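Student: Take a look at this one; I'll ask things after.
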Amino acid sequence: MSNRWDKSKMPSRHVTEGPARAPHRSYYYAMGLSTADIKKPFVGVASCWNEAAPCNTALMRQAHAVSEGVKAADGTPREFCTITVTDGIAMGHEGMRSSLVSRDWISDTVELTMRGHSYDALVGVAGCDKSLPGMMMAMLRLNVPSVFLYGGSILPGRFEGRDVTVLDVFEAVGAHAAGDDNMSDEKLAALERIACPGDGACGGQFTANTMACVSEAIGLALPLSSALPAPYTNRDEYAVASGEAVMRLIETGLRPRDICTREAFENAAIVVAATGGSTNAALHLPAMAHECGVQFELRDVAEIFAKTPYIASLKPGGEYVAKDFGEVGGVPMLMRTLLDEGLINGDCMTVTGKTVAENLADITFNPDQKVIYSAAKPITERGGVIGLWGSLAPDGAIVKVAGLENLRFTGPARVFDGEAACFQAVENREYKEGEVLVIRYEGPKGGPGMREMLSTTAALYGQGMGDKVALVTDGRFSGATRGFCVGHVGPEAQDGGPIGLICDGDIITLDAEKGSIDVRLTPAEFAERRREWSPRKTNYGSGTLSKYCKLVGPAHLGAVTHEGFEGESHVYADI
């Protein structure tokens with residue numbers, strides 16, 4: 001019988017120790033645990049497995065491998081699943097309203113499961129966009145020893161001699177709708193069958209891979225654990241190692257809040273910018289920081305983005321996919337060159353029990369590969385994502401500039417209340433070159449749910465208009481979006497923000513070099529329009545989305561749904 005562990009301060013003592021817990025122990029015996037198993041630490045192994053999309057279908061296999069690692073290191077794993085809303089399936093219809101909402105609900109369900117069953121530690125396995133930050137938010141909220149594991153990216157499809165991703169399919173829809181001779185019914189059908197060849201999350205530097213890079217950069221995941229594609233069964237070695245690592249953290253007492261300091265969040269933001277990552281990171285990093293008392297809002301993120309060089313040529317702004325990035329060394333190789341140039345903090349602690357610099361000590365930057373550039377000779381001097389402020393967005397906005405040639409745009413507004421109206425106009429070619437398409441009432445409250453606009457932006461690119469118009473919204477963009485597309489405009493229209501007051505023909509100026517977003521209206525004109533404005537009534541007066549509207553805060557603070565660290569009176573880990 002194991003006597004290695006002192007459970008007197010572990011949460012699981014509440015369900016395993018003493019005569020009063022005999023009924024509880026009877027349940028564990030019913031599931032095949034031995035007396036020795038019950039006396040070991042209980043490790044929650046949470047996965048977002050489901051059959052909604054390929055992002056999640058390999059997660060159960062990896063969760064089982066995590067459990068093997070926990071057992072090998074003398075712990076007792078307790079597997080459970082939580083939800084995922086997968087953006088690729090939810091995109092372009094009402095389902096997308098559920099996407100961002102699911103991030104906070106994932107955190108909540110993991111918290112409830114951990115609290116309800118008094119687990120001592122957590123390994124979280126996630127594969128799709130919102131499930132990654134959702135799982136890490138739960139770790140920071142609970143503050144038990146935790147390790148994050150990304151389920152891995154999808155392999156690229158091969159079509160007409162080139163690598164393709166789901167983004168190519170979305171853009172092909174736009175080309176097909178525009179009557180492009182190169183995108184017939186037959187060709188579109190052939191592309192859709194081959195673009196996604198198996199398990200894994202979207203293969204470009206979209207939100208899932210961006211947040212997977214964050215998990216390593218911030219120190220919650222084992223180095224290089226994000227690199228291998230989901231179908232590769234040797235990914236399971238990282239799963240086993242993650243299970244073993246969390247047991248070491250129980251021994252040493254190292255917790256997520258010891259790891260995720262202000263400096264660690266800065267490292268994470270630097271890696272996002274250096275990879276030309278998803279604008280959604282500017283929403284998720286503040287939400288994660290909110291859980292652990294680190295002040296890290298959109299402006300903090302944007303300041304880091306603005307001074308970070310863009311060095312990884314990854315789709316959609318660059319040439320390569322996640323598989324290529326992993327094969328040349330992944331996040332450790334990227335962080336090596338950033339550390340060499342003094343751009344990241346090497347003293348931050350990680351789940352290995354070592355600092356970032358110690359983890360990178362044996363890695364030498366390889367100049368003989370084409371995916372990751374040296375930070376001394378970047379693709380561009382400024383990061384791939386830029387924050388904007390001005391009269392149209394007093395609380396800020398965000399734009400991905402990786403791959404953009406023109407960083408300035410001025411044109412008349414073409415205003416749409418909701419994405420559907422804009423998409424229909426784009427499909428019907430009812431817009432003009434040089435216009436700024438404005439989609440409003442798609443913010444966290446106004447949508448509700450802050451939908452992504454990939455169907456619209458991809459359709460524009462498919463029509464060959466991706467660089468001939470700009471798009472501005474209080475909603476979000478997919479990490480796969482490209483073009484001059486500004487999201488997260490705040491305050492949102494539903495809160496009476498300026499985006500809710502503009503009209504067709506108002507002149508909007510976007511400048512990603514200066515970091516500005518302005519509309520040519522005087523304060524008096526704004527005041528006059530505000531007197532005539534009232535918030536829209538949404539179609540969601542009950543259920544989860546109604547509840548979300550009442551709880552959610554502004555995008556520049558992470559669109560969070562509870563008080564976070566500031567409202568904390570106890571930490572779960574110390575119950």
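Starting from 1 in every chain, residues are counted up; chains themselves are A, B, ... following the order of the structure tokens, and ligands are numbered from 1 as listed.
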I want to know what sits within 7 Å of Ala493 (chain A), based on only C-alpha atoms, with residues of the same chain fewer than 3 positions away left out; could you give that as a VMD selection string?
Tutor: chain A and resid 440 to 441 446 496 to 500
Student: Do a neighbour search on Ile250 (chain A) at 12 Å with only C-alpha atoms, toss out local chain neighbours closer than 4 positions, and write the hits as a ChimeraX atom specification.
Tutor: /A:4-7,9-11,40-43,70,73-75,119-123,143-147,243-246,254-256,351,353,573
Student: Kindly export the residues of the current selection with N, CA, C and O atoms, as a compact mmCIF listing (two decimals), in the first residue's frame.
Tutor:
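Generated file (result_1.txt):
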# COMPACT_ATOMS: atom_id res chain seq x y z
N ARG A 4 3.44 7.00 0.40
CA ARG A 4 4.32 8.07 -0.06
C ARG A 4 3.68 9.44 0.12
O ARG A 4 4.38 10.43 0.34
N TRP A 5 2.36 9.49 0.05
CA TRP A 5 1.68 10.77 -0.04
C TRP A 5 1.00 11.18 1.26
O TRP A 5 0.30 10.39 1.87
N ASP A 6 1.22 12.41 1.66
CA ASP A 6 0.52 13.00 2.80
C ASP A 6 -0.69 13.77 2.25
O ASP A 6 -0.54 14.82 1.64
N LYS A 7 -1.87 13.24 2.48
CA LYS A 7 -3.07 13.86 1.92
C LYS A 7 -3.73 14.86 2.87
O LYS A 7 -4.82 15.36 2.60
N LYS A 9 -3.34 17.88 3.41
CA LYS A 9 -3.64 19.19 2.87
C LYS A 9 -4.13 19.13 1.42
O LYS A 9 -4.29 20.16 0.78
N MET A 10 -4.37 17.93 0.93
CA MET A 10 -4.86 17.78 -0.44
C MET A 10 -6.39 17.81 -0.47
O MET A 10 -7.04 17.31 0.45
N PRO A 11 -6.97 18.37 -1.50
CA PRO A 11 -8.43 18.40 -1.58
C PRO A 11 -9.08 17.02 -1.45
O PRO A 11 -10.16 16.89 -0.86
N LYS A 40 -3.70 7.52 -2.84
CA LYS A 40 -2.84 8.33 -3.71
C LYS A 40 -3.56 9.64 -4.08
O LYS A 40 -4.78 9.75 -3.95
N PRO A 41 -2.80 10.62 -4.58
CA PRO A 41 -3.45 11.84 -5.08
C PRO A 41 -4.39 11.52 -6.24
O PRO A 41 -4.09 10.67 -7.09
N PHE A 42 -5.51 12.21 -6.28
CA PHE A 42 -6.47 12.07 -7.37
C PHE A 42 -6.21 13.17 -8.40
O PHE A 42 -6.27 14.36 -8.07
N VAL A 43 -5.96 12.77 -9.62
CA VAL A 43 -5.64 13.72 -10.69
C VAL A 43 -6.79 13.73 -11.68
O VAL A 43 -7.09 12.72 -12.32
N VAL A 70 0.11 9.23 -15.20
CA VAL A 70 -0.24 9.49 -13.80
C VAL A 70 -0.05 8.22 -12.97
O VAL A 70 0.55 8.25 -11.88
N ALA A 73 3.52 7.31 -12.25
CA ALA A 73 4.16 8.19 -11.26
C ALA A 73 3.45 8.13 -9.91
O ALA A 73 3.61 9.02 -9.08
N ASP A 74 2.68 7.06 -9.69
CA ASP A 74 2.07 6.77 -8.39
C ASP A 74 0.89 7.68 -8.05
O ASP A 74 0.68 8.05 -6.89
N GLY A 75 0.10 8.04 -9.06
CA GLY A 75 -1.12 8.79 -8.82
C GLY A 75 -2.34 8.01 -9.30
O GLY A 75 -2.22 6.96 -9.94
N TYR A 119 -10.65 16.74 -6.52
CA TYR A 119 -9.42 16.25 -7.14
C TYR A 119 -8.25 17.16 -6.78
O TYR A 119 -8.40 18.36 -6.57
N ASP A 120 -7.06 16.57 -6.75
CA ASP A 120 -5.87 17.26 -6.24
C ASP A 120 -5.06 17.97 -7.31
O ASP A 120 -4.25 18.85 -6.98
N ALA A 121 -5.20 17.57 -8.54
CA ALA A 121 -4.39 18.13 -9.63
C ALA A 121 -5.18 17.96 -10.93
O ALA A 121 -6.20 17.27 -10.96
N LEU A 122 -4.67 18.58 -11.98
CA LEU A 122 -5.41 18.60 -13.24
C LEU A 122 -4.47 18.51 -14.43
O LEU A 122 -3.46 19.23 -14.49
N VAL A 123 -4.78 17.61 -15.34
CA VAL A 123 -4.19 17.64 -16.68
C VAL A 123 -5.34 17.89 -17.65
O VAL A 123 -6.33 17.16 -17.65
N ASN A 143 -6.00 26.68 -9.33
CA ASN A 143 -4.62 26.76 -8.82
C ASN A 143 -4.14 25.48 -8.16
O ASN A 143 -3.34 25.52 -7.22
N VAL A 144 -4.63 24.34 -8.62
CA VAL A 144 -4.02 23.07 -8.24
C VAL A 144 -2.89 22.78 -9.23
O VAL A 144 -2.86 23.33 -10.33
N PRO A 145 -1.92 21.94 -8.87
CA PRO A 145 -0.87 21.57 -9.84
C PRO A 145 -1.51 21.11 -11.15
O PRO A 145 -2.41 20.27 -11.16
N SER A 146 -1.06 21.69 -12.26
CA SER A 146 -1.75 21.49 -13.54
C SER A 146 -0.76 21.44 -14.69
O SER A 146 0.25 22.16 -14.70
N VAL A 147 -1.11 20.64 -15.69
CA VAL A 147 -0.36 20.59 -16.95
C VAL A 147 -1.36 20.61 -18.09
O VAL A 147 -2.36 19.90 -18.06
N GLY A 243 1.28 13.41 -17.76
CA GLY A 243 0.78 12.76 -16.55
C GLY A 243 1.86 12.62 -15.49
O GLY A 243 1.62 12.82 -14.29
N GLU A 244 3.06 12.26 -15.92
CA GLU A 244 4.18 12.14 -14.98
C GLU A 244 4.56 13.51 -14.43
O GLU A 244 4.88 13.65 -13.23
N ALA A 245 4.52 14.53 -15.29
CA ALA A 245 4.91 15.88 -14.86
C ALA A 245 3.99 16.43 -13.79
O ALA A 245 4.44 17.09 -12.84
N VAL A 246 2.68 16.17 -13.92
CA VAL A 246 1.76 16.73 -12.92
C VAL A 246 2.00 16.09 -11.55
O VAL A 246 1.82 16.75 -10.51
N LEU A 254 4.47 23.24 -6.96
CA LEU A 254 4.45 24.30 -7.96
C LEU A 254 3.06 24.37 -8.60
O LEU A 254 2.56 23.37 -9.12
N ARG A 255 2.47 25.56 -8.59
CA ARG A 255 1.10 25.74 -9.05
C ARG A 255 1.03 26.70 -10.23
O ARG A 255 1.97 27.46 -10.48
N PRO A 256 -0.10 26.70 -10.95
CA PRO A 256 -0.22 27.57 -12.14
C PRO A 256 0.06 29.04 -11.87
O PRO A 256 0.67 29.72 -12.71
N VAL A 351 6.17 24.19 -16.15
CA VAL A 351 5.73 22.93 -15.54
C VAL A 351 6.81 21.86 -15.51
O VAL A 351 6.64 20.83 -14.86
N GLY A 353 9.45 22.33 -14.02
CA GLY A 353 10.21 22.63 -12.81
C GLY A 353 11.47 23.42 -13.12
O GLY A 353 12.25 23.75 -12.22
N ALA A 573 -7.60 25.14 -4.39
CA ALA A 573 -6.48 24.26 -4.03
C ALA A 573 -6.25 24.20 -2.52
O ALA A 573 -5.66 23.24 -2.02
Student: Name the residues in contact with region 151-160 of chain A at a cut-off of 9 Å, using only C-alpha atoms, excluding same-chain residues fewer than 2 positions from it; report them as a VMD selection string.
Tutor: chain A and resid 54 to 56 58 to 59 62 125 to 128 149 162 to 166 190 to 191 194 to 204 208 to 209 212 225 to 232 235 321 to 323
Student: Given the choices A:Ile517, A:Val66, A:Val169, A:Ala287, which gets closest to Met183 (chain A) if the distance is worked out from only C-alpha atoms?
Tutor: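 Nearest candidate to Met183 (chain A) out of A:Ile517, A:Val66, A:Val169, A:Ala287: A:Val169.
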Student: Tell me which of A:Arg141, A:Lys432, A:Lys370, A:Arg482 sits closest to Leu404 (chain A), counting only C-alpha atoms.
Tutor: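 Closest to Leu404 (chain A) of all the choices is A:Arg482.
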Student: Applying 9 Å and only C-alpha atoms, which residues near Phe565 (chain A) remain after dropping the ones on its own chain fewer than 6 positions away? List them as a list in words.
Tutor: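 Here the qualifying residues turn out to be Arg141, Ala289, His290, Glu291, Cys292, Gly293 and Val294 of chain A.
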Student: When distances are computed from only C-alpha atoms, which of A:Arg451, A:Leu112, A:Gly515, A:Ile106 shows the smallest separation from Ala302 (chain A)?
Tutor: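 Looking at the shortest contact to Ala302 (chain A), the residue is A:Gly515.
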Student: Fewer than 3 positions away in the same chain doesn't count, so skip those; otherwise give me all residues within 7 Å of region 410-418 of chain A, counting only C-alpha atoms, as a ChimeraX atom specification.
Tutor: /A:421-422,434-442,503-510
Student: List the spatial neighbours of Ala480 (chain A) as a ChimeraX atom specification - criterion: any atom at most 7 Å away, only C-alpha atoms, same-chain residues fewer than 4 positions off excluded.
Tutor: /A:167,206,316
Student: Which value, in Å to one decimal, gives the distance between CA of Gly384 (chain A) and CA of Asn267 (chain A)?
Tutor: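 One can read the CA of Gly384 (chain A) to CA of Asn267 (chain A) distance as 15.1 Å.
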Student: Could you write out, as a list in words, all the residues of region 219-339 of chain A that DSSP marks as strand (DSSP E or B)?
Tutor: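 Filtering region 219-339 of chain A to strand (DSSP E or B) leaves Tyr310, Ala312, Leu314 and Tyr320 of chain A.
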